[in-house]
Structure formats: C-alpha cells, structure tokens
file input.txt (compact mmCIF, N, CA and C atoms)
# COMPACT_ATOMS: atom_id res chain seq x y z
N GLY A 57 15.23 -7.27 21.63
CA GLY A 57 14.21 -6.37 22.08
C GLY A 57 14.63 -4.93 21.95
N GLY A 58 13.80 -4.05 22.43
CA GLY A 58 14.04 -2.62 22.31
C GLY A 58 15.21 -2.13 23.12
N ALA A 59 15.39 -2.64 24.34
CA ALA A 59 16.49 -2.18 25.20
C ALA A 59 17.83 -2.58 24.63
N GLU A 60 17.93 -3.82 24.14
CA GLU A 60 19.19 -4.29 23.56
C GLU A 60 19.54 -3.50 22.30
N LEU A 61 18.53 -3.25 21.48
CA LEU A 61 18.76 -2.48 20.25
C LEU A 61 19.20 -1.06 20.57
N GLU A 62 18.55 -0.46 21.55
CA GLU A 62 18.92 0.90 21.95
C GLU A 62 20.36 0.93 22.47
N ALA A 63 20.72 -0.03 23.30
CA ALA A 63 22.08 -0.06 23.85
C ALA A 63 23.12 -0.26 22.74
N ALA A 64 22.79 -1.08 21.76
CA ALA A 64 23.74 -1.39 20.70
C ALA A 64 23.88 -0.25 19.70
N GLU A 65 22.82 0.47 19.43
CA GLU A 65 22.84 1.45 18.33
C GLU A 65 22.83 2.91 18.77
N LYS A 66 22.53 3.19 20.02
CA LYS A 66 22.39 4.58 20.45
C LYS A 66 23.68 5.37 20.26
N ALA A 67 24.81 4.82 20.62
CA ALA A 67 26.08 5.53 20.48
C ALA A 67 26.39 5.79 19.01
N ARG A 68 26.08 4.81 18.15
CA ARG A 68 26.40 4.97 16.73
C ARG A 68 25.53 6.02 16.06
N VAL A 69 24.22 6.01 16.30
CA VAL A 69 23.33 6.95 15.62
C VAL A 69 23.32 8.33 16.27
N SER A 70 23.88 8.46 17.46
CA SER A 70 23.93 9.75 18.13
C SER A 70 25.07 10.63 17.61
N LYS A 71 26.00 10.05 16.89
CA LYS A 71 27.13 10.81 16.35
C LYS A 71 26.66 11.70 15.20
N PRO A 72 27.31 12.87 15.02
CA PRO A 72 26.97 13.68 13.86
C PRO A 72 27.31 12.93 12.57
N ASN A 73 26.52 13.13 11.55
CA ASN A 73 26.70 12.49 10.24
C ASN A 73 26.63 10.97 10.30
N ALA A 74 25.84 10.43 11.21
CA ALA A 74 25.68 8.98 11.30
C ALA A 74 24.96 8.47 10.05
N VAL A 75 25.37 7.33 9.55
CA VAL A 75 24.74 6.72 8.39
C VAL A 75 23.60 5.83 8.88
N ILE A 76 22.41 6.12 8.40
CA ILE A 76 21.23 5.34 8.76
C ILE A 76 20.73 4.67 7.48
N GLY A 77 20.45 3.39 7.53
CA GLY A 77 20.06 2.62 6.35
C GLY A 77 18.74 3.07 5.74
N ASP A 78 18.61 2.79 4.45
CA ASP A 78 17.41 3.16 3.72
C ASP A 78 16.15 2.50 4.27
N ALA A 79 16.26 1.25 4.68
CA ALA A 79 15.09 0.55 5.22
C ALA A 79 14.58 1.23 6.49
N ALA A 80 15.48 1.67 7.34
CA ALA A 80 15.08 2.37 8.56
C ALA A 80 14.43 3.71 8.22
N LEU A 81 15.02 4.43 7.28
CA LEU A 81 14.44 5.71 6.88
C LEU A 81 13.07 5.54 6.23
N ASP A 82 12.92 4.49 5.41
CA ASP A 82 11.62 4.22 4.80
C ASP A 82 10.57 3.89 5.86
N ALA A 83 10.94 3.12 6.86
CA ALA A 83 10.00 2.76 7.92
C ALA A 83 9.53 4.00 8.67
N VAL A 84 10.47 4.89 8.99
CA VAL A 84 10.09 6.12 9.69
C VAL A 84 9.21 6.98 8.81
N PHE A 85 9.56 7.14 7.53
CA PHE A 85 8.74 7.96 6.64
C PHE A 85 7.33 7.39 6.50
N ASP A 86 7.21 6.05 6.36
CA ASP A 86 5.89 5.44 6.24
C ASP A 86 5.04 5.69 7.48
N THR A 87 5.67 5.72 8.66
CA THR A 87 4.89 5.99 9.87
C THR A 87 4.45 7.44 9.92
N TRP A 88 5.28 8.34 9.39
CA TRP A 88 4.90 9.75 9.38
C TRP A 88 3.83 10.04 8.33
N ALA A 89 3.95 9.46 7.16
CA ALA A 89 3.09 9.81 6.04
C ALA A 89 1.79 9.01 6.01
N TRP A 90 1.75 7.86 6.64
CA TRP A 90 0.58 6.98 6.63
C TRP A 90 0.09 6.72 5.22
N GLY A 91 1.00 6.30 4.35
CA GLY A 91 0.63 5.91 3.00
C GLY A 91 0.62 7.04 1.99
N ALA A 92 0.73 8.27 2.43
CA ALA A 92 0.75 9.41 1.50
C ALA A 92 2.16 9.57 0.94
N SER A 93 2.27 10.36 -0.11
CA SER A 93 3.60 10.59 -0.68
C SER A 93 4.31 11.75 0.01
N VAL A 94 3.62 12.43 0.91
CA VAL A 94 4.19 13.58 1.61
C VAL A 94 3.91 13.43 3.10
N ALA A 95 4.93 13.67 3.90
CA ALA A 95 4.76 13.67 5.36
C ALA A 95 4.64 15.12 5.80
N THR A 96 3.43 15.57 6.06
CA THR A 96 3.21 16.96 6.44
C THR A 96 3.64 17.19 7.89
N PRO A 97 4.00 18.43 8.23
CA PRO A 97 4.47 18.71 9.60
C PRO A 97 3.47 18.30 10.69
N ASP A 98 2.18 18.47 10.43
CA ASP A 98 1.21 18.09 11.46
C ASP A 98 1.18 16.58 11.68
N LYS A 99 1.33 15.79 10.60
CA LYS A 99 1.37 14.33 10.75
C LYS A 99 2.63 13.90 11.51
N VAL A 100 3.75 14.51 11.16
CA VAL A 100 5.02 14.18 11.83
C VAL A 100 4.92 14.50 13.31
N ASP A 101 4.43 15.69 13.63
CA ASP A 101 4.30 16.11 15.03
C ASP A 101 3.37 15.17 15.80
N ASN A 102 2.27 14.80 15.19
CA ASN A 102 1.31 13.90 15.83
C ASN A 102 1.95 12.53 16.11
N GLU A 103 2.68 11.99 15.13
CA GLU A 103 3.31 10.69 15.33
C GLU A 103 4.40 10.76 16.39
N LEU A 104 5.21 11.82 16.38
CA LEU A 104 6.27 11.95 17.38
C LEU A 104 5.69 12.02 18.79
N ARG A 105 4.56 12.71 18.94
CA ARG A 105 3.91 12.79 20.24
C ARG A 105 3.42 11.42 20.71
N LYS A 106 2.96 10.59 19.77
CA LYS A 106 2.50 9.23 20.12
C LYS A 106 3.64 8.38 20.66
N TRP A 107 4.82 8.53 20.11
CA TRP A 107 5.95 7.67 20.46
C TRP A 107 6.63 8.08 21.74
N ARG A 108 6.50 9.33 22.16
CA ARG A 108 7.18 9.82 23.36
C ARG A 108 6.15 10.06 24.47
N THR A 109 6.37 9.40 25.58
CA THR A 109 5.49 9.64 26.73
C THR A 109 5.97 10.86 27.51
N ASP A 110 7.27 11.15 27.47
CA ASP A 110 7.83 12.38 28.04
C ASP A 110 9.07 12.74 27.23
N SER A 111 9.77 13.78 27.61
CA SER A 111 10.90 14.26 26.80
C SER A 111 12.10 13.32 26.80
N GLN A 112 12.15 12.36 27.71
CA GLN A 112 13.30 11.48 27.82
C GLN A 112 13.04 10.04 27.37
N SER A 113 11.80 9.69 27.03
CA SER A 113 11.51 8.29 26.70
C SER A 113 10.94 8.15 25.29
N PHE A 114 11.13 6.96 24.75
CA PHE A 114 10.66 6.62 23.42
C PHE A 114 10.01 5.25 23.52
N ASP A 115 8.75 5.14 23.12
CA ASP A 115 8.01 3.88 23.21
C ASP A 115 8.18 3.12 21.89
N VAL A 116 9.03 2.10 21.91
CA VAL A 116 9.33 1.32 20.71
C VAL A 116 8.09 0.59 20.22
N SER A 117 7.25 0.09 21.13
CA SER A 117 6.07 -0.66 20.70
C SER A 117 5.08 0.25 19.95
N LYS A 118 4.94 1.49 20.40
CA LYS A 118 4.06 2.42 19.68
C LYS A 118 4.63 2.77 18.31
N PHE A 119 5.96 2.92 18.24
CA PHE A 119 6.59 3.17 16.95
C PHE A 119 6.39 1.98 16.02
N THR A 120 6.54 0.77 16.55
CA THR A 120 6.37 -0.44 15.75
C THR A 120 4.95 -0.54 15.21
N LYS A 121 3.96 -0.24 16.05
CA LYS A 121 2.57 -0.27 15.61
C LYS A 121 2.33 0.78 14.52
N SER A 122 2.91 1.94 14.68
CA SER A 122 2.77 2.99 13.65
C SER A 122 3.45 2.58 12.35
N ALA A 123 4.61 1.94 12.46
CA ALA A 123 5.33 1.49 11.26
C ALA A 123 4.52 0.42 10.52
N ILE A 124 3.94 -0.51 11.26
CA ILE A 124 3.12 -1.55 10.64
C ILE A 124 1.88 -0.93 10.00
N GLY A 125 1.26 0.04 10.68
CA GLY A 125 0.09 0.71 10.12
C GLY A 125 0.42 1.47 8.85
N GLY A 126 1.52 2.19 8.85
CA GLY A 126 1.91 2.95 7.66
C GLY A 126 2.23 2.05 6.49
N ARG A 127 2.96 0.97 6.75
CA ARG A 127 3.28 0.01 5.69
C ARG A 127 2.02 -0.70 5.20
N SER A 128 1.08 -0.98 6.11
CA SER A 128 -0.16 -1.66 5.71
C SER A 128 -0.98 -0.78 4.77
N ILE A 129 -1.06 0.50 5.07
CA ILE A 129 -1.81 1.41 4.21
C ILE A 129 -1.15 1.49 2.84
N THR A 130 0.18 1.57 2.81
CA THR A 130 0.90 1.60 1.54
C THR A 130 0.66 0.31 0.76
N GLY A 131 0.70 -0.82 1.44
CA GLY A 131 0.44 -2.11 0.78
C GLY A 131 -0.99 -2.21 0.26
N LEU A 132 -1.95 -1.76 1.06
CA LEU A 132 -3.34 -1.78 0.63
C LEU A 132 -3.55 -0.90 -0.60
N ALA A 133 -2.88 0.25 -0.63
CA ALA A 133 -2.98 1.13 -1.79
C ALA A 133 -2.41 0.45 -3.04
N ALA A 134 -1.30 -0.26 -2.89
CA ALA A 134 -0.70 -0.96 -4.03
C ALA A 134 -1.62 -2.07 -4.53
N VAL A 135 -2.20 -2.84 -3.62
CA VAL A 135 -3.12 -3.91 -4.02
C VAL A 135 -4.35 -3.33 -4.71
N THR A 136 -4.90 -2.24 -4.17
CA THR A 136 -6.05 -1.59 -4.79
C THR A 136 -5.72 -1.11 -6.19
N PHE A 137 -4.56 -0.53 -6.37
CA PHE A 137 -4.13 -0.07 -7.69
C PHE A 137 -4.06 -1.24 -8.68
N ILE A 138 -3.49 -2.35 -8.23
CA ILE A 138 -3.38 -3.53 -9.10
C ILE A 138 -4.76 -4.07 -9.47
N VAL A 139 -5.67 -4.14 -8.50
CA VAL A 139 -7.02 -4.64 -8.77
C VAL A 139 -7.73 -3.75 -9.78
N ILE A 140 -7.61 -2.44 -9.62
CA ILE A 140 -8.24 -1.52 -10.57
C ILE A 140 -7.67 -1.71 -11.96
N GLN A 141 -6.36 -1.88 -12.06
CA GLN A 141 -5.72 -2.09 -13.36
C GLN A 141 -6.18 -3.39 -14.00
N VAL A 142 -6.29 -4.46 -13.22
CA VAL A 142 -6.73 -5.75 -13.75
C VAL A 142 -8.16 -5.66 -14.26
N ILE A 143 -9.04 -5.01 -13.50
CA ILE A 143 -10.43 -4.85 -13.93
C ILE A 143 -10.51 -4.02 -15.20
N ALA A 144 -9.78 -2.91 -15.24
CA ALA A 144 -9.80 -2.06 -16.44
C ALA A 144 -9.25 -2.81 -17.64
N TYR A 145 -8.13 -3.51 -17.47
CA TYR A 145 -7.53 -4.26 -18.58
C TYR A 145 -8.46 -5.36 -19.05
N GLY A 146 -9.08 -6.05 -18.11
CA GLY A 146 -10.02 -7.11 -18.46
C GLY A 146 -11.23 -6.60 -19.21
N THR A 147 -11.73 -5.44 -18.77
CA THR A 147 -12.91 -4.86 -19.40
C THR A 147 -12.60 -4.34 -20.79
N LEU A 148 -11.47 -3.72 -20.96
CA LEU A 148 -11.14 -3.08 -22.24
C LEU A 148 -10.50 -4.03 -23.26
N PHE A 149 -9.78 -5.05 -22.80
CA PHE A 149 -9.02 -5.88 -23.75
C PHE A 149 -9.37 -7.36 -23.69
N ILE A 150 -9.33 -7.96 -22.51
CA ILE A 150 -9.50 -9.40 -22.40
C ILE A 150 -10.94 -9.82 -22.73
N ALA A 151 -11.93 -9.18 -22.11
CA ALA A 151 -13.33 -9.56 -22.33
C ALA A 151 -13.74 -9.40 -23.80
N PRO A 152 -13.44 -8.28 -24.46
CA PRO A 152 -13.82 -8.19 -25.88
C PRO A 152 -13.11 -9.23 -26.76
N PHE A 153 -11.83 -9.50 -26.45
CA PHE A 153 -11.09 -10.50 -27.21
C PHE A 153 -11.76 -11.88 -27.08
N LEU A 154 -12.14 -12.26 -25.85
CA LEU A 154 -12.79 -13.55 -25.63
C LEU A 154 -14.15 -13.61 -26.31
N ARG A 155 -14.90 -12.50 -26.29
CA ARG A 155 -16.20 -12.48 -26.95
C ARG A 155 -16.06 -12.67 -28.46
N GLU A 156 -15.14 -11.96 -29.06
CA GLU A 156 -14.97 -11.97 -30.51
C GLU A 156 -14.35 -13.26 -31.03
N PHE A 157 -13.32 -13.76 -30.34
CA PHE A 157 -12.55 -14.86 -30.90
C PHE A 157 -12.78 -16.22 -30.24
N ALA A 158 -13.29 -16.25 -29.02
CA ALA A 158 -13.50 -17.53 -28.34
C ALA A 158 -14.97 -17.79 -28.04
N ASN A 159 -15.82 -16.81 -28.35
CA ASN A 159 -17.26 -16.92 -28.11
C ASN A 159 -17.56 -17.20 -26.63
N VAL A 160 -16.80 -16.51 -25.76
CA VAL A 160 -16.95 -16.64 -24.30
C VAL A 160 -17.18 -15.25 -23.72
N ASP A 161 -18.22 -15.13 -22.89
CA ASP A 161 -18.51 -13.86 -22.22
C ASP A 161 -18.21 -14.03 -20.74
N ILE A 162 -17.17 -13.29 -20.26
CA ILE A 162 -16.79 -13.41 -18.85
C ILE A 162 -17.52 -12.40 -17.96
N GLY A 163 -18.35 -11.56 -18.57
CA GLY A 163 -19.18 -10.64 -17.79
C GLY A 163 -18.62 -9.26 -17.58
N PHE A 164 -17.43 -8.96 -18.11
CA PHE A 164 -16.84 -7.63 -17.95
C PHE A 164 -17.09 -6.79 -19.19
N GLY A 165 -17.61 -5.58 -19.00
CA GLY A 165 -17.76 -4.64 -20.09
C GLY A 165 -18.78 -5.07 -21.13
N GLN A 166 -18.88 -4.26 -22.20
CA GLN A 166 -19.84 -4.55 -23.25
C GLN A 166 -19.23 -4.51 -24.63
N LEU A 167 -17.92 -4.30 -24.72
CA LEU A 167 -17.26 -4.28 -26.01
C LEU A 167 -17.19 -5.70 -26.58
N GLY A 168 -17.27 -5.81 -27.88
CA GLY A 168 -17.23 -7.11 -28.54
C GLY A 168 -18.59 -7.77 -28.51
N SER A 169 -18.74 -8.82 -29.30
CA SER A 169 -20.04 -9.49 -29.34
C SER A 169 -19.86 -11.00 -29.46
N CYS A 170 -20.78 -11.72 -28.85
CA CYS A 170 -20.84 -13.18 -28.93
C CYS A 170 -22.04 -13.55 -29.79
N ASP A 171 -21.97 -14.74 -30.38
CA ASP A 171 -23.15 -15.29 -31.04
C ASP A 171 -24.16 -15.62 -29.94
N PRO A 172 -25.35 -15.02 -29.98
CA PRO A 172 -26.31 -15.21 -28.87
C PRO A 172 -26.69 -16.66 -28.61
N GLU A 173 -26.62 -17.51 -29.61
CA GLU A 173 -27.05 -18.90 -29.43
C GLU A 173 -25.93 -19.80 -28.89
N THR A 174 -24.68 -19.49 -29.22
CA THR A 174 -23.59 -20.39 -28.81
C THR A 174 -22.64 -19.77 -27.79
N CYS A 175 -22.89 -18.55 -27.40
CA CYS A 175 -21.99 -17.85 -26.47
C CYS A 175 -22.01 -18.51 -25.10
N LEU A 176 -20.84 -18.81 -24.59
CA LEU A 176 -20.71 -19.36 -23.24
C LEU A 176 -20.61 -18.18 -22.26
N ARG A 177 -21.63 -18.01 -21.44
CA ARG A 177 -21.64 -16.90 -20.48
C ARG A 177 -21.23 -17.43 -19.11
N LEU A 178 -20.06 -16.96 -18.64
CA LEU A 178 -19.56 -17.39 -17.34
C LEU A 178 -20.26 -16.64 -16.22
N VAL A 179 -20.57 -15.37 -16.43
CA VAL A 179 -21.29 -14.56 -15.45
C VAL A 179 -22.37 -13.80 -16.20
N ASP A 180 -23.59 -13.89 -15.71
CA ASP A 180 -24.69 -13.19 -16.38
C ASP A 180 -25.30 -12.21 -15.39
N PHE A 181 -25.06 -10.91 -15.63
CA PHE A 181 -25.56 -9.87 -14.73
C PHE A 181 -26.97 -9.42 -15.09
N SER A 182 -27.55 -9.96 -16.13
CA SER A 182 -28.89 -9.50 -16.54
C SER A 182 -30.00 -10.28 -15.91

call {"tool": "encode", "arguments": {"input": "input.txt", "output": "structure tokens"}}
result
Amino acid sequence: GGAELEAAEKARVSKPNAVIGDAALDAVFDTWAWGASVATPDKVDNELRKWRTDSQSFDVSKFTKSAIGGRSITGLAAVTFIVIQVIAYGTLFIAPFLREFANVDIGFGQLGSCDPETCLRLVDFS
C-alpha cells in the first residue's frame, strides 16, 4: 500500500541526486501532460494541487487516478492513430488491389474497378 511504499522509499528518494527509474518518471509525466507531448506549468500546478490536500500530505489514490487517466489518454491516442492508419492504408492500397485483382469490393474508397456483373460487394454504401 501507500504507507508501506512511502516508508520504504522516502529516505532513498529524499537524498540529493537520488536515482528514480524511468517508469516512475514516465508515470509522473503522463499525469502532468494528460497525453500531450508537453507538460505546461499550469497543468503541472493543477495536478500537484489535486494530489496534496495540505502542505504536508500527499494523496496516493488521487495520484494513481491521475496516472491511470494520463496513460489512458495516451493509449487512446495510440489506438486512434493506428485505426486512422489502417483505414487510410485500406482505402489507398488494399481496397483498390482487391477490386482490380480479386474482383472483390470491401467498400473502402473508390480507386480501382470491379466487373459490375461479377464483383463481390462485401459492403454496399449506395
């Protein structure tokens, strides 16, 4: 839990020049940036205020929720990027190839042509 982790690590990370792992630094940055590539001072200040109820306390559960939220937004952005790439690739390359060489229309884009009488249309938007 949070108390055990604090007791175990507080002395180590409180020293000057303490080494903090990349995974921990990435988690903190993701909570500050909320999926952006830059953590602006206003976002950092806002997140730090959420985690501290007063000058002496740190709410681990609020930090955890922020870390999960930041990572979720980053993950959603990655999935969205992949979906856009798949749709673009399918529209520009796969669908025309299938129309021209396999006489199959999967419904993406308009490049390429099928024989109107024998074309297998998997999706018909018309």

call {"tool": "closest_residue", "arguments": {"input": "input.txt", "among": "A:Thr130, A:Asn159, A:Gln166, A:Thr109", "to": "Leu178 (chain A)", "atoms": "only C-alpha atoms"}}
result
A:Asn159

call {"tool": "atom_distance", "arguments": {"input": "input.txt", "atom1": "CA of Ala151 (chain A)", "atom2": "atom C of Ser169 (chain A)"}}
result
9.8 Å

call {"tool": "select_by_dssp", "arguments": {"input": "input.txt", "residues": "chain A", "states": "strand (DSSP E or B)", "output": "NGL selection string"}}
result
:A and (160-161 or 176-177)

call {"tool": "write_last_selection", "arguments": {"input": "input.txt", "atoms": "N, CA and C atoms", "output": "compact mmCIF listing (two decimals), in the frame of the given file"}}
result
# COMPACT_ATOMS: atom_id res chain seq x y z
N VAL A 160 -16.80 -16.51 -25.76
CA VAL A 160 -16.95 -16.64 -24.30
C VAL A 160 -17.18 -15.25 -23.72
N ASP A 161 -18.22 -15.13 -22.89
CA ASP A 161 -18.51 -13.86 -22.22
C ASP A 161 -18.21 -14.03 -20.74
N LEU A 176 -20.84 -18.81 -24.59
CA LEU A 176 -20.71 -19.36 -23.24
C LEU A 176 -20.61 -18.18 -22.26
N ARG A 177 -21.63 -18.01 -21.44
CA ARG A 177 -21.64 -16.90 -20.48
C ARG A 177 -21.23 -17.43 -19.11

call {"tool": "residues_around", "arguments": {"input": "input.txt", "residues": "region 72-84 of chain A", "least_positions_apart": "3", "cutoff": "10 Å", "atoms": "only C-alpha atoms", "output": "NGL selection string"}}
result
:A and (67-69 or 87-89 or 100 or 103 or 119-120 or 122-124 or 126-127)

call {"tool": "axis_aligned_box", "arguments": {"input": "input.txt", "around": "region 163-168 of chain A", "padding_each_side": "6 Å", "output": "JSON"}}
result
{"center_x": -18.3, "center_y": -7.9, "center_z": -23.1, "size_x": 15.0, "size_y": 19.3, "size_z": 23.0}

call {"tool": "atom_distance", "arguments": {"input": "input.txt", "atom1": "CA of Ala92 (chain A)", "atom2": "CA of Leu104 (chain A)"}}
result
17.0 Å

call {"tool": "atom_distance", "arguments": {"input": "input.txt", "atom1": "CA of Val142 (chain A)", "atom2": "CA of Ile162 (chain A)"}}
result
13.6 Å

call {"tool": "closest_residue", "arguments": {"input": "input.txt", "among": "A:Asp86, A:Trp107, A:Gln112, A:Phe164", "to": "Gly146 (chain A)", "atoms": "all atoms listed in the file"}}
result
A:Phe164

call {"tool": "select_by_dssp", "arguments": {"input": "input.txt", "residues": "chain A", "states": "alpha helix (DSSP H)", "output": "MDAnalysis selection string"}}
result
chainID A and resid 58:69 78:89 97:107 116:145 151:157
